[in-house]
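Notes for the one structure printed next.
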Amino acid sequence: MSPPPHPEHDAQDLCPAGTALYERALRQGGLHADEAAEAPCLAACGLLRPADGEPDLLTPAAPAAVLHRLLRASAERVARERRGEELLTRRFAPLLRLPARSARETGPSSVRLVAGTEAINQAITDSMAAACGEMLCIQPPVRRAGIRRSEAGEARSLVRDQDLLDRGGRIRTLYQHTHRHLPLAQARYEQLRGDVEARTLDEVTDRLIVIDRAVAYLPADEDSTLALEVRQPALVSYLVTVFERLWPLAVPMHPKPPRRPAPDGITHRQHAIAALLVEGHTDAVIADRLGMNVRTAREHIARLAATLGSTSRAQLGYLIARSGILKHR
């Protein structure tokens with residue numbers, strides 16, 4: 001009985017038979033062509049190739065080289081998909097601006113995906129141009145490498161914000177506490193004139209912009225190249241409620257309030273760290289959630305442990321719970 005036909009698949013879905021043969025070829029330095037016949041995918045994917053001068057001997061390609069080639073091909077496919085998304089967005093943008101002819105037709109456009117940084121900025125600018133009430137913003141710190149607002153983008157956002165303020169509008173923004181010390185944030189609020197206020201919290205949600213309580217923008221991917229434009233009233237109302245629940249808990253950023261000594265000798269930041277410690281989070285997670293580096297987080301944890309008299313991480317959690325400090329946070 002002849003063996004069953006070998007299933008076709010890509011290199012990233014290498015079959016068990018092909019994996020075993022490739023491992024043997026790497027250990028031995030090659031395989032006879034007859035041995036590799038049961039897994040023709042190896043030659044098709046470029047994992048095995050004929051040896052010079054010995055057509056019956058197949059030698060394995062270096063795993064690092066194969067991996068680099070496959071990753072490059074994958075990156076090219078992703079780039080093609082992104083270009084396709086941006087092209088579709090540009091082609092449909094004029095159509096999406098057309099007025100709806102019936103209530104039934106407005107449903108699909110109540111939430112739409114906007115692809116590309118320029119398209120996202122333009123959508124926000126268009127919504128701001130028609131606004132006259134209030135803009136609500138949540139701006140988390142940027143932690144991912146390579147994601148930075150350009151000078152041109154910053155200047156454009158300042159112009160559209162000031163235009164709203166000049167029309168009698170209002171702007172409220174929530175940042176994380178670490179944002180208070182950024183010169184760019186200080187400079188921004190020195191330039192804006194009108195009813196504008198910024199506050200800070202230990203933790204904030206992902207980025208959110210709500211304009212006139214009618215349209216909201218929120219990220220749809222990790223690198224901020226996709227965004228959701230939400231015009232569905234119930235969803236926008238929910239996002240506004242989230243913002244309004246956070247706003248009274250935040251500390252005004254301008255003017256910066258004077259620091260007061262904590263009655264229990266534990267700072268506000270250490271109270272926030274203590275709450276995350278009793279939840280069982282690692283130093284890295286605590287640092288990420290509170291917008292600081294791991295070294296700074298560990299320094300705060302060490303000072304907290306010294307204040308409570310703890311000699312170990314396990315004991316620190318117990319002492320935090322017993323001390324009752326979280327009740328006064």
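Residue numbers start at 1 in each chain; chains themselves are named A, B, ... in the order of the structure tokens; ligands are numbered from 1 in the order shown.
The residue set within 10 Å of Thr178 of chain A, counting only C-alpha atoms and dropping same-chain residues fewer than 5 places from it, reads Pro140, Pro141, Thr200, Leu201, Asp202, Glu203, Leu290, Gly291 and Met292 of chain A.
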Next, the residues of the selection above should be written as a PDB file, in the first residue's frame with all heavy atoms.
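Result file part.pdb:
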```pdb
ATOM      1  N   PRO A 140      -3.006  58.487  27.880  1.00  0.00           N
ATOM      2  CA  PRO A 140      -2.052  57.688  28.655  1.00  0.00           C
ATOM      3  C   PRO A 140      -0.626  57.959  28.213  1.00  0.00           C
ATOM      4  O   PRO A 140      -0.399  58.487  27.111  1.00  0.00           O
ATOM      5  CB  PRO A 140      -2.462  56.245  28.323  1.00  0.00           C
ATOM      6  CG  PRO A 140      -3.022  56.354  26.939  1.00  0.00           C
ATOM      7  CD  PRO A 140      -3.706  57.704  26.875  1.00  0.00           C
ATOM      8  N   PRO A 141       0.367  57.618  29.026  1.00  0.00           N
ATOM      9  CA  PRO A 141       1.762  57.796  28.599  1.00  0.00           C
ATOM     10  C   PRO A 141       2.097  56.852  27.473  1.00  0.00           C
ATOM     11  O   PRO A 141       1.548  55.753  27.382  1.00  0.00           O
ATOM     12  CB  PRO A 141       2.578  57.471  29.862  1.00  0.00           C
ATOM     13  CG  PRO A 141       1.678  56.596  30.663  1.00  0.00           C
ATOM     14  CD  PRO A 141       0.279  57.068  30.384  1.00  0.00           C
ATOM     15  N   THR A 200      -4.722  64.660  36.779  1.00  0.00           N
ATOM     16  CA  THR A 200      -3.928  63.435  36.696  1.00  0.00           C
ATOM     17  C   THR A 200      -4.407  62.410  37.714  1.00  0.00           C
ATOM     18  O   THR A 200      -4.971  62.741  38.757  1.00  0.00           O
ATOM     19  CB  THR A 200      -2.432  63.722  36.936  1.00  0.00           C
ATOM     20  OG1 THR A 200      -2.250  64.238  38.261  1.00  0.00           O
ATOM     21  CG2 THR A 200      -1.889  64.715  35.926  1.00  0.00           C
ATOM     22  N   LEU A 201      -4.135  61.134  37.371  1.00  0.00           N
ATOM     23  CA  LEU A 201      -4.489  59.992  38.209  1.00  0.00           C
ATOM     24  C   LEU A 201      -3.309  59.037  38.289  1.00  0.00           C
ATOM     25  O   LEU A 201      -2.378  59.112  37.479  1.00  0.00           O
ATOM     26  CB  LEU A 201      -5.681  59.240  37.611  1.00  0.00           C
ATOM     27  CG  LEU A 201      -7.068  59.861  37.739  1.00  0.00           C
ATOM     28  CD1 LEU A 201      -8.026  59.154  36.788  1.00  0.00           C
ATOM     29  CD2 LEU A 201      -7.572  59.740  39.166  1.00  0.00           C
ATOM     30  N   ASP A 202      -3.364  58.097  39.235  1.00  0.00           N
ATOM     31  CA  ASP A 202      -2.359  57.038  39.280  1.00  0.00           C
ATOM     32  C   ASP A 202      -2.407  56.217  37.988  1.00  0.00           C
ATOM     33  O   ASP A 202      -1.377  55.896  37.396  1.00  0.00           O
ATOM     34  CB  ASP A 202      -2.612  56.091  40.465  1.00  0.00           C
ATOM     35  CG  ASP A 202      -2.144  56.697  41.776  1.00  0.00           C
ATOM     36  OD1 ASP A 202      -1.048  57.270  41.797  1.00  0.00           O
ATOM     37  OD2 ASP A 202      -2.883  56.604  42.763  1.00  0.00           O
ATOM     38  N   GLU A 203      -3.613  55.844  37.574  1.00  0.00           N
ATOM     39  CA  GLU A 203      -3.800  55.038  36.378  1.00  0.00           C
ATOM     40  C   GLU A 203      -4.899  55.651  35.526  1.00  0.00           C
ATOM     41  O   GLU A 203      -5.865  56.206  36.051  1.00  0.00           O
ATOM     42  CB  GLU A 203      -4.205  53.601  36.729  1.00  0.00           C
ATOM     43  CG  GLU A 203      -3.180  52.818  37.519  1.00  0.00           C
ATOM     44  CD  GLU A 203      -3.649  51.406  37.780  1.00  0.00           C
ATOM     45  OE1 GLU A 203      -3.727  50.616  36.819  1.00  0.00           O
ATOM     46  OE2 GLU A 203      -3.963  51.085  38.937  1.00  0.00           O
ATOM     47  N   LEU A 290       1.644  52.222  36.704  1.00  0.00           N
ATOM     48  CA  LEU A 290       1.773  53.534  37.336  1.00  0.00           C
ATOM     49  C   LEU A 290       2.671  54.482  36.548  1.00  0.00           C
ATOM     50  O   LEU A 290       3.001  55.563  37.027  1.00  0.00           O
ATOM     51  CB  LEU A 290       2.299  53.372  38.768  1.00  0.00           C
ATOM     52  CG  LEU A 290       1.383  52.591  39.721  1.00  0.00           C
ATOM     53  CD1 LEU A 290       1.948  52.561  41.124  1.00  0.00           C
ATOM     54  CD2 LEU A 290      -0.023  53.181  39.730  1.00  0.00           C
ATOM     55  N   GLY A 291       3.100  54.060  35.345  1.00  0.00           N
ATOM     56  CA  GLY A 291       3.835  54.960  34.464  1.00  0.00           C
ATOM     57  C   GLY A 291       5.228  55.292  34.933  1.00  0.00           C
ATOM     58  O   GLY A 291       5.679  56.425  34.773  1.00  0.00           O
ATOM     59  N   MET A 292       5.949  54.335  35.511  1.00  0.00           N
ATOM     60  CA  MET A 292       7.317  54.570  35.962  1.00  0.00           C
ATOM     61  C   MET A 292       8.179  53.402  35.522  1.00  0.00           C
ATOM     62  O   MET A 292       7.665  52.372  35.074  1.00  0.00           O
ATOM     63  CB  MET A 292       7.361  54.724  37.489  1.00  0.00           C
ATOM     64  CG  MET A 292       6.896  53.480  38.248  1.00  0.00           C
ATOM     65  SD  MET A 292       6.950  53.657  40.057  1.00  0.00           S
ATOM     66  CE  MET A 292       5.672  54.854  40.327  1.00  0.00           C
TER      67      MET A 292
END
```
Which residues, written as a VMD selection string, have at least one atom at most 9 Å from Phe243 of chain A, with only C-alpha atoms counted and residues fewer than 2 positions away on the same chain left out?
-> chain A and resid 136 to 138 174 208 238 to 241 245 to 247
Dump as a PDB file, in the first residue's frame, selection limited to N, CA and C atoms:
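For reference, result_34.pdb as written:
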```
ATOM      1  N   LEU A 136     -13.554  65.954  25.634  1.00  0.00           N
ATOM      2  CA  LEU A 136     -13.037  65.181  26.760  1.00  0.00           C
ATOM      3  C   LEU A 136     -11.924  64.286  26.249  1.00  0.00           C
ATOM      4  N   CYS A 137     -10.790  64.258  26.959  1.00  0.00           N
ATOM      5  CA  CYS A 137      -9.645  63.461  26.505  1.00  0.00           C
ATOM      6  C   CYS A 137      -9.074  62.641  27.657  1.00  0.00           C
ATOM      7  N   ILE A 138      -8.637  61.442  27.327  1.00  0.00           N
ATOM      8  CA  ILE A 138      -7.795  60.650  28.220  1.00  0.00           C
ATOM      9  C   ILE A 138      -6.529  60.343  27.441  1.00  0.00           C
ATOM     10  N   LEU A 174      -7.466  64.061  31.000  1.00  0.00           N
ATOM     11  CA  LEU A 174      -6.927  63.244  32.076  1.00  0.00           C
ATOM     12  C   LEU A 174      -5.599  62.638  31.647  1.00  0.00           C
ATOM     13  N   LEU A 208      -8.613  58.154  24.720  1.00  0.00           N
ATOM     14  CA  LEU A 208     -10.019  58.405  24.401  1.00  0.00           C
ATOM     15  C   LEU A 208     -10.200  59.881  24.095  1.00  0.00           C
ATOM     16  N   TYR A 238     -21.827  55.981  27.170  1.00  0.00           N
ATOM     17  CA  TYR A 238     -21.100  55.116  28.110  1.00  0.00           C
ATOM     18  C   TYR A 238     -19.668  55.623  28.311  1.00  0.00           C
ATOM     19  N   LEU A 239     -19.002  56.003  27.217  1.00  0.00           N
ATOM     20  CA  LEU A 239     -17.630  56.497  27.307  1.00  0.00           C
ATOM     21  C   LEU A 239     -17.574  57.817  28.094  1.00  0.00           C
ATOM     22  N   VAL A 240     -18.573  58.664  27.904  1.00  0.00           N
ATOM     23  CA  VAL A 240     -18.634  59.913  28.668  1.00  0.00           C
ATOM     24  C   VAL A 240     -18.794  59.607  30.159  1.00  0.00           C
ATOM     25  N   THR A 241     -19.614  58.619  30.476  1.00  0.00           N
ATOM     26  CA  THR A 241     -19.813  58.231  31.878  1.00  0.00           C
ATOM     27  C   THR A 241     -18.507  57.748  32.506  1.00  0.00           C
ATOM     28  N   ARG A 245     -16.740  59.573  35.725  1.00  0.00           N
ATOM     29  CA  ARG A 245     -16.457  58.861  36.977  1.00  0.00           C
ATOM     30  C   ARG A 245     -15.005  59.052  37.400  1.00  0.00           C
ATOM     31  N   LEU A 246     -14.099  59.164  36.429  1.00  0.00           N
ATOM     32  CA  LEU A 246     -12.684  59.334  36.733  1.00  0.00           C
ATOM     33  C   LEU A 246     -12.342  60.777  37.108  1.00  0.00           C
ATOM     34  N   TRP A 247     -13.032  61.741  36.510  1.00  0.00           N
ATOM     35  CA  TRP A 247     -12.670  63.158  36.661  1.00  0.00           C
ATOM     36  C   TRP A 247     -12.655  63.626  38.113  1.00  0.00           C
TER      37      TRP A 247
END
```
Would you mind telling me which residue in A:Ala274, A:Leu31, A:Ala302, A:Val294 lies nearest to Ile325 of chain A when using only C-alpha atoms?
-> A:Ala274
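If you measure from each of A:Arg180, A:Arg213, A:Arg91, A:Arg69 to Cys132 of chain A using only C-alpha atoms, the closest one turns out to be A:Arg213.
Residues within 10 Å of Ile286 of chain A, counting only C-alpha atoms and excluding same-chain residues fewer than 3 positions away, are Ala272, Ile273, Ala274, Ala275, Leu276, Leu277, Gly280, His281, Thr282, Asp283, Arg289, Leu290, Gly291, Met292, Asn293, Val294, Ala297 and Arg298 of chain A.
In this comparison, which uses only C-alpha atoms, the residue of A:Gly30, A:Pro233, A:Gly168, A:Pro219 approaching Gly194 of chain A most closely is A:Gly168.
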Gln315 of chain A: which residues within 12 Å, counting only C-alpha atoms, same-chain residues fewer than 6 positions away excluded, as a list in words?
-> Leu277, Val278, Leu304, Ala305, Ala306, Leu308, Gly309, Ala321, Arg322 and Ser323 of chain A
Please, could you write that set of residues out with all heavy atoms as a PDB file, in the first residue's frame?
```pdb
ATOM      1  N   LEU A 277       0.338  45.731  45.071  1.00  0.00           N
ATOM      2  CA  LEU A 277       1.093  44.634  45.682  1.00  0.00           C
ATOM      3  C   LEU A 277       0.163  43.584  46.284  1.00  0.00           C
ATOM      4  O   LEU A 277       0.372  42.382  46.112  1.00  0.00           O
ATOM      5  CB  LEU A 277       2.029  45.172  46.769  1.00  0.00           C
ATOM      6  CG  LEU A 277       3.353  45.792  46.308  1.00  0.00           C
ATOM      7  CD1 LEU A 277       4.053  46.462  47.470  1.00  0.00           C
ATOM      8  CD2 LEU A 277       4.253  44.732  45.683  1.00  0.00           C
ATOM      9  N   VAL A 278      -0.878  44.033  46.973  1.00  0.00           N
ATOM     10  CA  VAL A 278      -1.782  43.062  47.597  1.00  0.00           C
ATOM     11  C   VAL A 278      -2.617  42.321  46.551  1.00  0.00           C
ATOM     12  O   VAL A 278      -3.170  41.264  46.842  1.00  0.00           O
ATOM     13  CB  VAL A 278      -2.709  43.741  48.635  1.00  0.00           C
ATOM     14  CG1 VAL A 278      -1.906  44.345  49.761  1.00  0.00           C
ATOM     15  CG2 VAL A 278      -3.595  44.788  47.980  1.00  0.00           C
ATOM     16  N   LEU A 304       8.528  51.541  51.214  1.00  0.00           N
ATOM     17  CA  LEU A 304       7.283  51.096  51.831  1.00  0.00           C
ATOM     18  C   LEU A 304       7.556  49.957  52.820  1.00  0.00           C
ATOM     19  O   LEU A 304       7.021  49.939  53.932  1.00  0.00           O
ATOM     20  CB  LEU A 304       6.304  50.636  50.746  1.00  0.00           C
ATOM     21  CG  LEU A 304       4.959  50.074  51.206  1.00  0.00           C
ATOM     22  CD1 LEU A 304       4.167  51.133  51.956  1.00  0.00           C
ATOM     23  CD2 LEU A 304       4.161  49.570  49.996  1.00  0.00           C
ATOM     24  N   ALA A 305       8.423  49.000  52.404  1.00  0.00           N
ATOM     25  CA  ALA A 305       8.768  47.884  53.280  1.00  0.00           C
ATOM     26  C   ALA A 305       9.472  48.373  54.541  1.00  0.00           C
ATOM     27  O   ALA A 305       9.206  47.892  55.645  1.00  0.00           O
ATOM     28  CB  ALA A 305       9.648  46.889  52.518  1.00  0.00           C
ATOM     29  N   ALA A 306      10.376  49.351  54.389  1.00  0.00           N
ATOM     30  CA  ALA A 306      11.088  49.888  55.544  1.00  0.00           C
ATOM     31  C   ALA A 306      10.131  50.588  56.508  1.00  0.00           C
ATOM     32  O   ALA A 306      10.243  50.456  57.731  1.00  0.00           O
ATOM     33  CB  ALA A 306      12.180  50.853  55.086  1.00  0.00           C
ATOM     34  N   LEU A 308       6.968  49.922  56.979  1.00  0.00           N
ATOM     35  CA  LEU A 308       6.114  48.940  57.647  1.00  0.00           C
ATOM     36  C   LEU A 308       6.911  47.899  58.428  1.00  0.00           C
ATOM     37  O   LEU A 308       6.326  47.063  59.117  1.00  0.00           O
ATOM     38  CB  LEU A 308       5.214  48.238  56.617  1.00  0.00           C
ATOM     39  CG  LEU A 308       4.199  49.134  55.891  1.00  0.00           C
ATOM     40  CD1 LEU A 308       3.409  48.325  54.876  1.00  0.00           C
ATOM     41  CD2 LEU A 308       3.256  49.793  56.885  1.00  0.00           C
ATOM     42  N   GLY A 309       8.249  47.920  58.289  1.00  0.00           N
ATOM     43  CA  GLY A 309       9.075  46.969  59.018  1.00  0.00           C
ATOM     44  C   GLY A 309       9.078  45.582  58.415  1.00  0.00           C
ATOM     45  O   GLY A 309       9.250  44.583  59.123  1.00  0.00           O
ATOM     46  N   ALA A 321      -1.924  44.565  54.472  1.00  0.00           N
ATOM     47  CA  ALA A 321      -3.315  44.224  54.790  1.00  0.00           C
ATOM     48  C   ALA A 321      -3.631  44.515  56.260  1.00  0.00           C
ATOM     49  O   ALA A 321      -4.699  45.042  56.588  1.00  0.00           O
ATOM     50  CB  ALA A 321      -3.561  42.756  54.464  1.00  0.00           C
ATOM     51  N   ARG A 322      -2.690  44.197  57.168  1.00  0.00           N
ATOM     52  CA  ARG A 322      -2.942  44.372  58.596  1.00  0.00           C
ATOM     53  C   ARG A 322      -2.915  45.846  59.010  1.00  0.00           C
ATOM     54  O   ARG A 322      -3.621  46.264  59.933  1.00  0.00           O
ATOM     55  CB  ARG A 322      -1.893  43.599  59.401  1.00  0.00           C
ATOM     56  CG  ARG A 322      -2.256  43.469  60.890  1.00  0.00           C
ATOM     57  CD  ARG A 322      -1.173  42.764  61.649  1.00  0.00           C
ATOM     58  NE  ARG A 322       0.045  43.561  61.760  1.00  0.00           N
ATOM     59  CZ  ARG A 322       1.097  43.236  62.508  1.00  0.00           C
ATOM     60  NH1 ARG A 322       1.095  42.096  63.171  1.00  0.00           N
ATOM     61  NH2 ARG A 322       2.157  44.013  62.555  1.00  0.00           N
ATOM     62  N   SER A 323      -2.107  46.652  58.310  1.00  0.00           N
ATOM     63  CA  SER A 323      -1.939  48.051  58.711  1.00  0.00           C
ATOM     64  C   SER A 323      -3.186  48.896  58.459  1.00  0.00           C
ATOM     65  O   SER A 323      -3.390  49.926  59.087  1.00  0.00           O
ATOM     66  CB  SER A 323      -0.748  48.670  57.963  1.00  0.00           C
ATOM     67  OG  SER A 323      -1.048  48.777  56.580  1.00  0.00           O
TER      68      SER A 323
END
```
Could you check which of A:Leu58, A:Ala216, A:Ala44, A:Met135 is closest to Asp195 of chain A, using only C-alpha atoms?
-> A:Met135
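Taking only C-alpha atoms, the non-local environment of Leu87 of chain A within 12 Å (same-chain residues fewer than 6 positions away omitted) comprises Arg80, Glu81, Ala93, Val114, Ala115, Gly116 and Ala119 of chain A.
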Could you pull out the helix (DSSP H, G or I) residues of segment 117-317 of chain A from DSSP and send them as a ChimeraX atom specification?
-> /A:117-129,151-166,177-181,183-191,233-249,268-278,283-289,294-308,313-317
Name the residues of segment 40-219 of chain A that come out as strand (DSSP E or B) in a backbone DSSP run; write them as a count of residues only.
-> 44
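Of note, atom CA of Arg90 of chain A and atom CA of Asp212 of chain A are spaced 25.4 Å apart.
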Surrounding residues of segment 45-56 of chain A excluding itself and chain neighbours under 6 positions, 9 Å, only C-alpha atoms, as a ChimeraX atom specification | /A:10-11,22,25,30-34,36,62-63,66
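Here atom CA of Ser157 of chain A and atom CA of Leu235 of chain A stand 24.6 Å from one another.
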